[in-house]
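**Student:** Handing you this structure, nothing more for now.
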Amino acid sequence: MNTPKLKNRWLIAASAVGIHISIGSVYAYSVMTNPVKEIFDVEGSVIKWAFKIAILLLGLSAALLGRWVEKVGPKISGTTAGILYGIGILGSGLAVEIESLTLFYLFYGVIGGIGLGIGYITPVSTLVKWFPDKRGLATGMAIMGFGFAALIFGPAMAKLFEIVGVSNAFYILGVIYMILILTSSRYIERPPEGYLPAGFKEGEGKIIEEDISNITANEALKSTRFYYIWIMMFINIACGIAIISAASPMMQEKLNYSPMEAAAIVGFIGVFNGLGRIIWSSLSDYLGRANTFIIFFAFQILAFYFLPKIGVESIFLIVLFTVITMYGGGFATLPAFLGDLFGTKQLGAIHGMVLAAWALAGVIGPTVYDMVKEQTGSLDTTLVIFAGLFIIALIVSIMMKISITKYKGLKVQKLSAVA
């Protein structure tokens, strides 16, 4: 009986990038806001609701469908994501053509949003299983694709709107996304049971550190470590999204930038968001996941406190861009961290449940920023409040580190007692 040929794990990673770079085009939404609002003859804020619904559905569908994704496997869930996201974009073109705002919300926000959520978690748990030795690097590559997608599809979108019109641009993009996701999903699959990369098999010398536990999603929900990481992600996302959404007016206020100059810097935010995903997640393979998050929060306490007080342009931008790398880095380091904490048994489901923090933080972060800024009129006060939130995140991350150390110690004691 012939043993099926083992797939190339780096091509599996490339397939994961293919899925994430397609669904990550949602981050280029601002490019379509003006052309679409002119067709519907409404304010930009009305059109932005489709994006808000999509991100909300991303978080909710990832949380609710994570178990299903784990059950059916990446090929089926990836195919489903490709069909849903493709239909969402194609349907948006139809909604624009017949000028139905309700249909636009339905296709882009609801159907596209569910495709986003399924597509986001589909490749991640698979990659963690293929790369037990380089979890951070592998998940960082895929999620970097999500962060960089706007740089690729943003200009392409703008050009298509100009050349073929808005509705036709949606049709073309919908077909491109669907083909890219469906093609990538055909190659991606789980590794065989007990898979270890070359050099790590018994007798070959290299050893992979055992996960802290290997438990189900229901069991993870009973663990304090699940709630620690949920709080850590919620604060990192809420504060990061707030600073991203306010970056342009903040630079105009603090550095006296013109709107055009500020807009150019906002473009660089996308670059550092993407770079942070691969750099920090790769570093976490060496620094340790818990230590990486402790670095994130310790730095951002100081960054958010001092940022409004910095008048030197170069230092202001260095601090701002570093914060953005940590925002992106949190997303990319998360799946590897969850694998370390809870194993790979139901990693997709657990990852989905933690991503509910994204749905909530995406609404709460910018809202808190706007409310405090409006009531106090002070950027300093607003960012000091976020610095305070990072103090909470730092304390929780240290508690996580202590919890992991204690758990590992107990494990060693139990093994010694058995021996």
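Labels used: A, B, ... for chains in the order of the structure tokens, numbers from 1 for residues in each chain, and numbers from 1 for ligands as shown.
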Applying 6 Å and only C-alpha atoms, which residues near stretch 143-151 of chain A remain after dropping the ones on its own chain fewer than 5 positions away? List them as a ChimeraX atom specification.

**Tutor:** /A:17,20-21,24-25,27-28,274,277-278,332

**Student:** Which residues are close to A:Lys401, i.e. within 9 Å by only C-alpha atoms, leaving aside same-chain residues fewer than 3 positions away? Reply as a VMD selection string.

**Tutor:** chain A and resid 290 to 291 294 396 to 398 404 to 406

**Student:** Give me the residues within 8 Å of A:Gly78 as number ranges by chain, counting only C-alpha atoms and dropping any in the same chain fewer than 3 places off.

**Tutor:** A: 19, 74-75, 81-82, 118-119, 122-123, 181-182, 185

**Student:** So that I can see what lies close to stretch 320-326 of chain A, please list as a PyMOL selection string the residues with an atom at most 7 Å from it, counting only C-alpha atoms and leaving out residues fewer than 6 positions away in the same chain.

**Tutor:** chain A and resi 240+269+272-273+275-277+296+300

**Student:** In terms of the shortest atom-to-atom distance over only C-alpha atoms, which of A:Pro308, A:Gly365, A:Gly115, A:Gly165 is closest to A:Ile244?

**Tutor:**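 Once distances to A:Ile244 are computed over only C-alpha atoms, the minimum belongs to A:Gly365.
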
**Student:** Give me, please, the distance in Å between atom CA of A:Ile212 and atom CA of A:Ile76, quoted to one decimal.

**Tutor:** 29.4 Å

**Student:** If you count only C-alpha atoms, which residues fall within 12 Å of A:Pro249, apart from same-chain ones fewer than 2 positions away, as an MDAnalysis selection string?

**Tutor:** chainID A and resid 242:247 251:263 265:266 370 373 379

**Student:** So that I can see what lies close to A:Gly174, please list as a CSV table (one decimal) with C-alpha atoms, in the first residue's frame the residues with an atom at most 8 Å from it, counting only C-alpha atoms and leaving out residues fewer than 5 positions away in the same chain.

**Tutor:**
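part-v8.csv, freshly written:
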```
chain,number,residue,atom,x,y,z
A,85,TYR,CA,-16.5,36.3,0.4
A,86,GLY,CA,-16.7,36.1,-3.4
A,87,ILE,CA,-20.5,36.3,-3.3
A,88,GLY,CA,-20.3,39.2,-0.8
A,89,ILE,CA,-18.1,41.2,-3.2
A,90,LEU,CA,-20.0,40.2,-6.4
```

**Student:** What is the distance between atom CA of A:Phe226 and atom CA of A:Cys239, in Å to one decimal?

**Tutor:**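 Interatomic distance here is 20.2 Å.
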
**Student:** Taking the DSSP assignment computed from this structure's backbone, write out as a ChimeraX atom specification all residues of stretch 152-381 of chain A that belong to helix (DSSP H, G or I).

**Tutor:** /A:152-164,166-187,217-221,224-245,247-254,259-287,289-309,313-342,347-354,356-376,379-381

**Student:** Closest to A:Asp380 among A:Met250, A:Gly267, A:Gly93, A:Ile188, using only C-alpha atoms?

**Tutor:**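 The closest residue to A:Asp380 is A:Met250.
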